[in-house]
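Student: Please read through the structure below; I'll follow up with questions.
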2 protein chains.
Amino acid sequence: MSQDIHRRSWVASANGHPDFPLHNLPLGIFSPPGASPRGGVAIGEAIFDLKAACAAGLFSGAAADAAQAASGDSLNALFALGAGPRRALREQLQELLGEGASAQPRLEAMGQALLPSLASCTLHLPARVGDYTDFYVGIHHANNVGKLFRPDNPLLPNYKHVPIGYHGRASTVVASGTAVRRPNGQTLPPGAEAPSFGPSKRLDYELELGVWIGPGNTMGEPIGIAQASEHIAGFCLLNDWSARDVQAWEYQPLGPFLAKNFATSVSPWVVSAEALAPFRTAQPARPAGDPQPLAYLFDEQDQAAGALDIELEVLLQSATMRALHLPPLRIGLSNTLNMYWTVAQLVAHHSVGGCKLQAGDLFGTGTLSGEHAEAYGSLLELTGGGKQPIPLPSGEQRSFLEDGDELILRARCQRDGLSIGFGECRGLILPAPSAG
Amino acid sequence: MSQDIHRRSWVASANGHPDFPLHNLPLGIFSPPGASPRGGVAIGEAIFDLKAACAAGLFSGAAADAAQAASGDSLNALFALGAGPRRALREQLQELLGEGASAQPRLEAMGQALLPSLASCTLHLPARVGDYTDFYVGIHHANNVGKLFRPDNPLLPNYKHVPIGYHGRASTVVASGTAVRRPNGQTLPPGAEAPSFGPSKRLDYELELGVWIGPGNTMGEPIGIAQASEHIAGFCLLNDWSARDVQAWEYQPLGPFLAKNFATSVSPWVVSAEALAPFRTAQPARPAGDPQPLAYLFDEQDQAAGALDIELEVLLQSATMRALHLPPLRIGLSNTLNMYWTVAQLVAHHSVGGCKLQAGDLFGTGTLSGEHAEAYGSLLELTGGGKQPIPLPSGEQRSFLEDGDELILRARCQRDGLSIGFGECRGLILPAPSAG
């Protein structure tokens with residue numbers, strides 16, 4: 001583990017903060033009270049305002065370019081600059097905010113103008129999403145869902161060769177906290193001969209890691225796997241809301257469409273690969289004995305860097321639980337170690353046929369379930385397709401999400417008493433619009 | 001048929017022009033020689049420059065707003081204004097360019113500054129594509145492709161209830177004339193146990209109608225089918241390039257991904273619903289006796305408006321044919337009458353669960369094959385999955401596209417000796433990048 005993870009900050013709330021210590025420094029877009037959206041960095045219980053910092057001339061060189069690019073209402077321009085300027089910004093931020101920084105008196109004097117409290121700010125989507133792609137790299141999820149349909153042969157023959165993915169809907173990617181309206185749609189009720197229309201009765205979440213893409217590529221010119229990490233801007237949490245009854249009726253032969261495109265929620269902070277690096281494990285992403293990936297998907301350094309080791313948590317709070325002041329119930333605890341493919345493999349695969357990636361594109365990993373029920377990442381898996389509802393502390397039970405339910409995702413890396421976190425990805429379910 | 005379809009223009013090349021008479025007036029983005037991209041209108045062998053016309057104060061009221069919105073390098077702002085201003089612009093253009101217009105001497109005096117020749121200009125993608133969706137409404141194509149996999153039961157049970165669609169890749173939608181590089185990818189060769197990597201050996205085109213979306217909707221608030229036509233900005237040709245061998249190996253269970261996302265070509269001109277209206281037929285979109293659509297997909301006026309009746313043509317010219325000065329060979333002649341769903345039904349379906357559409361979104365209809373071989377819209381169908389190659393006049397034959405082949409789509413409406421056209425959608429196949 002590198003030394004700087006232990007470094008303390010003069011921003012007192014950062015030291016020992018479970019999510020945002022000096023080591024993390026995730027980027028996001030926020031509005032200070034009464035002001036316009038701009039880039040910022042979470043530090044303890046405050047946000048470091050990159051626009052204000054730029055105006056005060058706090059950065060130099062590539063870091064100044066990066067901070068300038070992050071002064072607008074999206075991080076796309078910063079993502080497009082690439083890993084070099086982003087890392088330079090991170091280094092100067094660790095200097096400026098570190099204990100004993102020579103700039104400390106000047107920065108403290110700027111007060112709320114430079115470091116507004118997190119609680120006073122509004123958080124936004126960090127970037128305009130160009131294209132959104134959802135993968136399927138959670139091998140236990142693929143297995144669990146496959147078993148529901150094909151008990152003897154749950155994994156399809158391509159799974160261990162192709163990082164399976166499909167295109168999602170960019171226009172409905174929303175920031176944590178945006179309420180999600182239950183979709184109406186066509187379904188074929190069990191035993192019915194003809195479909196009917198109305199609110200989805202099997203509304204679900206999917207626990208995923210999100211990946212923000214940095215600089216893209218020219219159409220027709222793939223990104224080699226050895227270069228892939230330079231094209232990754234950072235990570236977030238992602239909830240791929242899913243209407244299972246709509247999905248079951250519509251998805252043949254071209255995949256999910258309306259079952260997924262009504263909403264996708266992401267956490268607002270972009271956590272960098274640099275912040276996650278000390279928490280990676282040596283555990284290989286794929287079991288020994290599995291087929292060797294094709295050459296375009298294999299890179300020694302990518303394998304040697306180890307797997308992302310991020311603990312992922314799902315919590316549910318119903319309207320009744322809120323009324324009774326019962327805290328959200330943890331219904332899943334998983335880990336990114338359940339990814340069958342590395343993120344570098346996803347970037348290399350996505351572009352290998354010439355598809356153009358662009359700064360601000362978003363990937364979802366697919367549902368990251370573990371092998372056993374306590375680590376499942378969707379209600380579909382947890383309730384066996386709705387057959388075994390889970391009990392809530394309010395005396396209610398859930399097969400699928402009900403109106404008024406709030407679903408909360410959290411993520412954290414922990415080691416040697418230190419931790420960094422992603423913050424939350426929240427969404428409250430609103431009733432469907434009148435189905436006319 | 002309305003009267004104005006017979007009206008003549010003082011732009012002599014427009015009268016009797018098979019594609020761009022006064023009645024058509026399609027919108028596009030073009031660059032005059034040595035100048036920046038801006039909006040324009042095709043008229044005969046010229047382009048009416050909306051930026052120059054705006055600067056000269058040629059429009060008033062809503063038409064002036066529309067022309068102003070079309071003066072930049074994309075039509076998104078014009079599309080967002082909606083059908084009212086777009087129709088006002090069309091009416092004033094028909095006035096200005098009509099025979100006997102009082103403005104004629106002044107406009108003629110502006111010469112090439114207002115009406116550069118089409119041949120001297122570069123055409124671009126008409127709008128920045130927000131999201132791109134590909135449907136599957138060509139029922140004969142669905143039948144033909146289904147037969148290759150399921151001879152006894154080619155149409156899946158949902159086909160006549162759900163307008164099947166899926167999300168495509170927006171970043172690789174390109175204008176006609178952009179060369180397309182053959183993709184490398186993973187395939188499972190016949191009989192092989194493990195996949196291999198290299199250039200696609202089964203590269204294909206798909207003949208589709210494209211639909212440009214005008215004003216969008218708020219997330220969570222569907223567009224009712226009765227309002228759908230107000231959300232359609234216009235139509236183009238679309239070629240959904242497809243790597244069949246990549247598709248066969250990757251598409252289970254989530255649909256096509258790398259097999260399609262390397263390129264999608266569109267024709268540059270946006271033909272309006274107003275221009276197409278006189279050519280619609282009373283023929284219903286779906287055969288009597290088929291299941292009645294659910295209420296959200298049914299509108300009396302939409303049915304009464306009749307089906308789009310646009311002749312669609314596919315031509316192929318190989319490198320050898322070009323060298324021998326042999327003209328492109330027509331390999332398909334189909335019609336939009338092969339659409340099982342109306343475009344209004346597509347808009348209503350896409351948004352019914354709350355998905356947000358935005359100005360500049362693009363829909364493809366899916367391959368519009370006819371029932372018989374001369375009307376097939378892909379090589380997959382024409383050659384029976386590659387088994388019966390088609391002969392070319394050069395003595396060559398084709399199972400799938402080869403490097404150096406150029407594929408050309410054309411579309412035209414004809415009635416009573418009058419016609420309007422879409423212009424062309426061209427793409428030349430370049431060799432795959434070295435597969436390392």
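Convention: chains lettered A, B, ... in structure tokens order; per-chain residue numbering from 1; ligands numbered from 1 as shown.
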Would you tabulate, counting only C-alpha atoms, all residues of chain A that have an atom at most 8 Å from an atom of chain B, showing the closest pair of atoms and their distance in Å to one decimal, sorted by chain then ascending number, as a tab-separated table?
Tutor:
```
residue	atom	partner	partner_atom	distance
A:Gly130	CA	B:Gly130	CA	7.2
A:Asp131	CA	B:Ala170	CA	6.6
A:Leu156	CA	B:Gln252	CA	7.5
A:Asn158	CA	B:Glu250	CA	6.8
A:His161	CA	B:Pro195	CA	7.5
A:Val162	CA	B:Glu250	CA	6.8
A:Ile164	CA	B:Glu250	CA	6.9
A:Gly165	CA	B:Phe257	CA	6.7
A:Tyr166	CA	B:Phe257	CA	5.3
A:His167	CA	B:His167	CA	5.3
A:Gly168	CA	B:His167	CA	5.9
A:Arg169	CA	B:His167	CA	6.7
A:Ala170	CA	B:Asp131	CA	6.6
A:Ser171	CA	B:Lys356	CA	6.1
A:Thr172	CA	B:Lys356	CA	6.3
A:Val180	CA	B:Gly220	CA	8.0
A:Arg181	CA	B:Gly220	CA	6.1
A:Arg182	CA	B:Gly353	CA	7.9
A:Pro183	CA	B:Gly353	CA	4.3
A:Asn184	CA	B:Gly353	CA	4.9
A:Gly185	CA	B:Gly353	CA	5.8
A:Gln186	CA	B:Val162	CA	7.7
A:Pro195	CA	B:His161	CA	7.5
A:Ser196	CA	B:Leu294	CA	7.5
A:Phe197	CA	B:Leu294	CA	7.4
A:Met219	CA	B:Thr172	CA	7.0
A:Gly220	CA	B:Arg181	CA	6.1
A:Glu221	CA	B:Pro433	CA	7.5
A:Trp249	CA	B:Asn158	CA	6.8
A:Glu250	CA	B:Asn158	CA	6.8
A:Tyr251	CA	B:Leu254	CA	8.0
A:Gln252	CA	B:Leu156	CA	7.5
A:Pro253	CA	B:Gly255	CA	6.8
A:Leu254	CA	B:Gly255	CA	4.3
A:Gly255	CA	B:Leu254	CA	4.3
A:Pro256	CA	B:Leu254	CA	6.7
A:Phe257	CA	B:Tyr166	CA	5.3
A:Leu258	CA	B:Gly353	CA	6.4
A:Asn261	CA	B:Cys355	CA	5.7
A:Phe262	CA	B:Cys355	CA	4.5
A:Ala263	CA	B:Cys355	CA	7.3
A:Leu294	CA	B:Phe197	CA	7.4
A:His350	CA	B:Leu258	CA	7.0
A:Val352	CA	B:Asn184	CA	6.6
A:Gly353	CA	B:Pro183	CA	4.3
A:Gly354	CA	B:Phe262	CA	5.2
A:Cys355	CA	B:Phe262	CA	4.4
A:Lys356	CA	B:Ser171	CA	6.1
A:Leu357	CA	B:Ser171	CA	7.3
A:Gln358	CA	B:Ser171	CA	7.8
A:Pro433	CA	B:Glu221	CA	7.5
```
Student: Could you turn the residues from that selection into a file that holds C-alpha atoms, as a PDB file, in the first residue's frame?
Tutor:
```pdb
ATOM      1  CA  GLY A 130     -22.931  10.187 -24.699  1.00  0.00           C
ATOM      2  CA  ASP A 131     -23.683   6.483 -24.967  1.00  0.00           C
ATOM      3  CA  LEU A 156     -24.478 -19.857 -22.353  1.00  0.00           C
ATOM      4  CA  ASN A 158     -20.202 -17.643 -25.195  1.00  0.00           C
ATOM      5  CA  HIS A 161     -15.199 -15.925 -24.161  1.00  0.00           C
ATOM      6  CA  VAL A 162     -17.205 -12.756 -24.862  1.00  0.00           C
ATOM      7  CA  ILE A 164     -21.450  -9.846 -23.044  1.00  0.00           C
ATOM      8  CA  GLY A 165     -22.914  -6.357 -23.240  1.00  0.00           C
ATOM      9  CA  TYR A 166     -25.640  -4.341 -24.907  1.00  0.00           C
ATOM     10  CA  HIS A 167     -26.548  -0.735 -25.509  1.00  0.00           C
ATOM     11  CA  GLY A 168     -28.676   1.024 -22.894  1.00  0.00           C
ATOM     12  CA  ARG A 169     -30.524   4.330 -22.911  1.00  0.00           C
ATOM     13  CA  ALA A 170     -28.387   7.422 -22.233  1.00  0.00           C
ATOM     14  CA  SER A 171     -31.237   9.957 -21.937  1.00  0.00           C
ATOM     15  CA  THR A 172     -32.615   8.442 -18.728  1.00  0.00           C
ATOM     16  CA  VAL A 180     -38.131   6.913 -10.341  1.00  0.00           C
ATOM     17  CA  ARG A 181     -41.636   6.474 -11.685  1.00  0.00           C
ATOM     18  CA  ARG A 182     -42.852   2.899 -12.010  1.00  0.00           C
ATOM     19  CA  PRO A 183     -43.243   2.182 -15.741  1.00  0.00           C
ATOM     20  CA  ASN A 184     -46.413   1.087 -17.484  1.00  0.00           C
ATOM     21  CA  GLY A 185     -45.891  -1.555 -20.084  1.00  0.00           C
ATOM     22  CA  GLN A 186     -47.031  -4.636 -21.943  1.00  0.00           C
ATOM     23  CA  PRO A 195     -50.844  -9.368 -23.375  1.00  0.00           C
ATOM     24  CA  SER A 196     -52.251  -6.657 -21.124  1.00  0.00           C
ATOM     25  CA  PHE A 197     -51.090  -3.141 -20.311  1.00  0.00           C
ATOM     26  CA  MET A 219     -14.110   5.389 -35.145  1.00  0.00           C
ATOM     27  CA  GLY A 220     -12.461   2.342 -36.702  1.00  0.00           C
ATOM     28  CA  GLU A 221      -9.393   2.494 -34.425  1.00  0.00           C
ATOM     29  CA  TRP A 249     -42.437 -10.499 -22.740  1.00  0.00           C
ATOM     30  CA  GLU A 250     -40.407  -8.093 -24.878  1.00  0.00           C
ATOM     31  CA  TYR A 251     -36.809  -9.303 -24.810  1.00  0.00           C
ATOM     32  CA  GLN A 252     -36.855 -11.956 -27.546  1.00  0.00           C
ATOM     33  CA  PRO A 253     -35.050 -11.736 -29.925  1.00  0.00           C
ATOM     34  CA  LEU A 254     -33.209  -8.412 -29.522  1.00  0.00           C
ATOM     35  CA  GLY A 255     -32.699  -7.990 -25.766  1.00  0.00           C
ATOM     36  CA  PRO A 256     -34.127  -5.709 -23.049  1.00  0.00           C
ATOM     37  CA  PHE A 257     -35.656  -2.406 -24.177  1.00  0.00           C
ATOM     38  CA  LEU A 258     -38.561  -0.744 -22.306  1.00  0.00           C
ATOM     39  CA  ASN A 261     -34.901   2.339 -20.452  1.00  0.00           C
ATOM     40  CA  PHE A 262     -37.219   4.211 -18.048  1.00  0.00           C
ATOM     41  CA  ALA A 263     -34.369   4.981 -15.610  1.00  0.00           C
ATOM     42  CA  LEU A 294      -8.315 -14.275 -26.831  1.00  0.00           C
ATOM     43  CA  HIS A 350     -16.202  -2.542 -26.749  1.00  0.00           C
ATOM     44  CA  VAL A 352     -12.285  -3.809 -30.932  1.00  0.00           C
ATOM     45  CA  GLY A 353     -14.641  -3.684 -33.920  1.00  0.00           C
ATOM     46  CA  GLY A 354     -14.090   0.052 -34.320  1.00  0.00           C
ATOM     47  CA  CYS A 355     -16.909   1.400 -32.147  1.00  0.00           C
ATOM     48  CA  LYS A 356     -16.116   4.958 -31.078  1.00  0.00           C
ATOM     49  CA  LEU A 357     -15.999   5.631 -27.329  1.00  0.00           C
ATOM     50  CA  GLN A 358     -16.251   9.228 -26.158  1.00  0.00           C
ATOM     51  CA  PRO A 433     -48.716   7.431 -14.353  1.00  0.00           C
TER      52      PRO A 433
END
```
Student: Could you pull out all residues of stretch 160-288 of chain B with a DSSP call of strand (DSSP E or B) and give them as a PyMOL selection string?
Tutor: chain B and resi 165-167+173-175+180-181+184-187+196-199+203-204+207-213+232-239+242-243+264-266+270-271+281
Student: Set the distance at 9 Å and use only C-alpha atoms: which residues neighbour A:Tyr376 once local chain neighbours fewer than 5 positions away are removed? I'd like the list as a ChimeraX atom specification.
Tutor: /A:140-141,207,331-334,367-371,381-382
Student: So, with only C-alpha atoms as the atoms that count, which of B:Arg286, B:Lys387, B:His325, B:Arg38 lies closest to B:Gly72?
Tutor: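 Looking at the shortest contact to B:Gly72, the residue is B:Arg38.
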Student: Taking 5 positions as the minimum chain separation for residues in the same chain, which residues sit within 7 Å of A:Leu89 when counting only C-alpha atoms? Answer as a ChimeraX atom specification.
Tutor: /A:63,66-67
Student: Would you put the residues from that selection into a file with N, CA and C atoms, as a JSON list (two decimals), in the first residue's frame?
Tutor:
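The resulting selection13.json:
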```json
[["chain", "number", "residue", "atom", "x", "y", "z"],
["A", 63, "ALA", "N", -2.49, 20.51, -13.81],
["A", 63, "ALA", "CA", -3.56, 20.50, -12.81],
["A", 63, "ALA", "C", -4.49, 21.70, -13.02],
["A", 66, "ALA", "N", -6.77, 20.91, -15.82],
["A", 66, "ALA", "CA", -7.80, 19.98, -15.38],
["A", 66, "ALA", "C", -8.87, 20.70, -14.56],
["A", 67, "ALA", "N", -8.45, 21.55, -13.63],
["A", 67, "ALA", "CA", -9.41, 22.26, -12.78],
["A", 67, "ALA", "C", -10.26, 23.22, -13.63]]
```
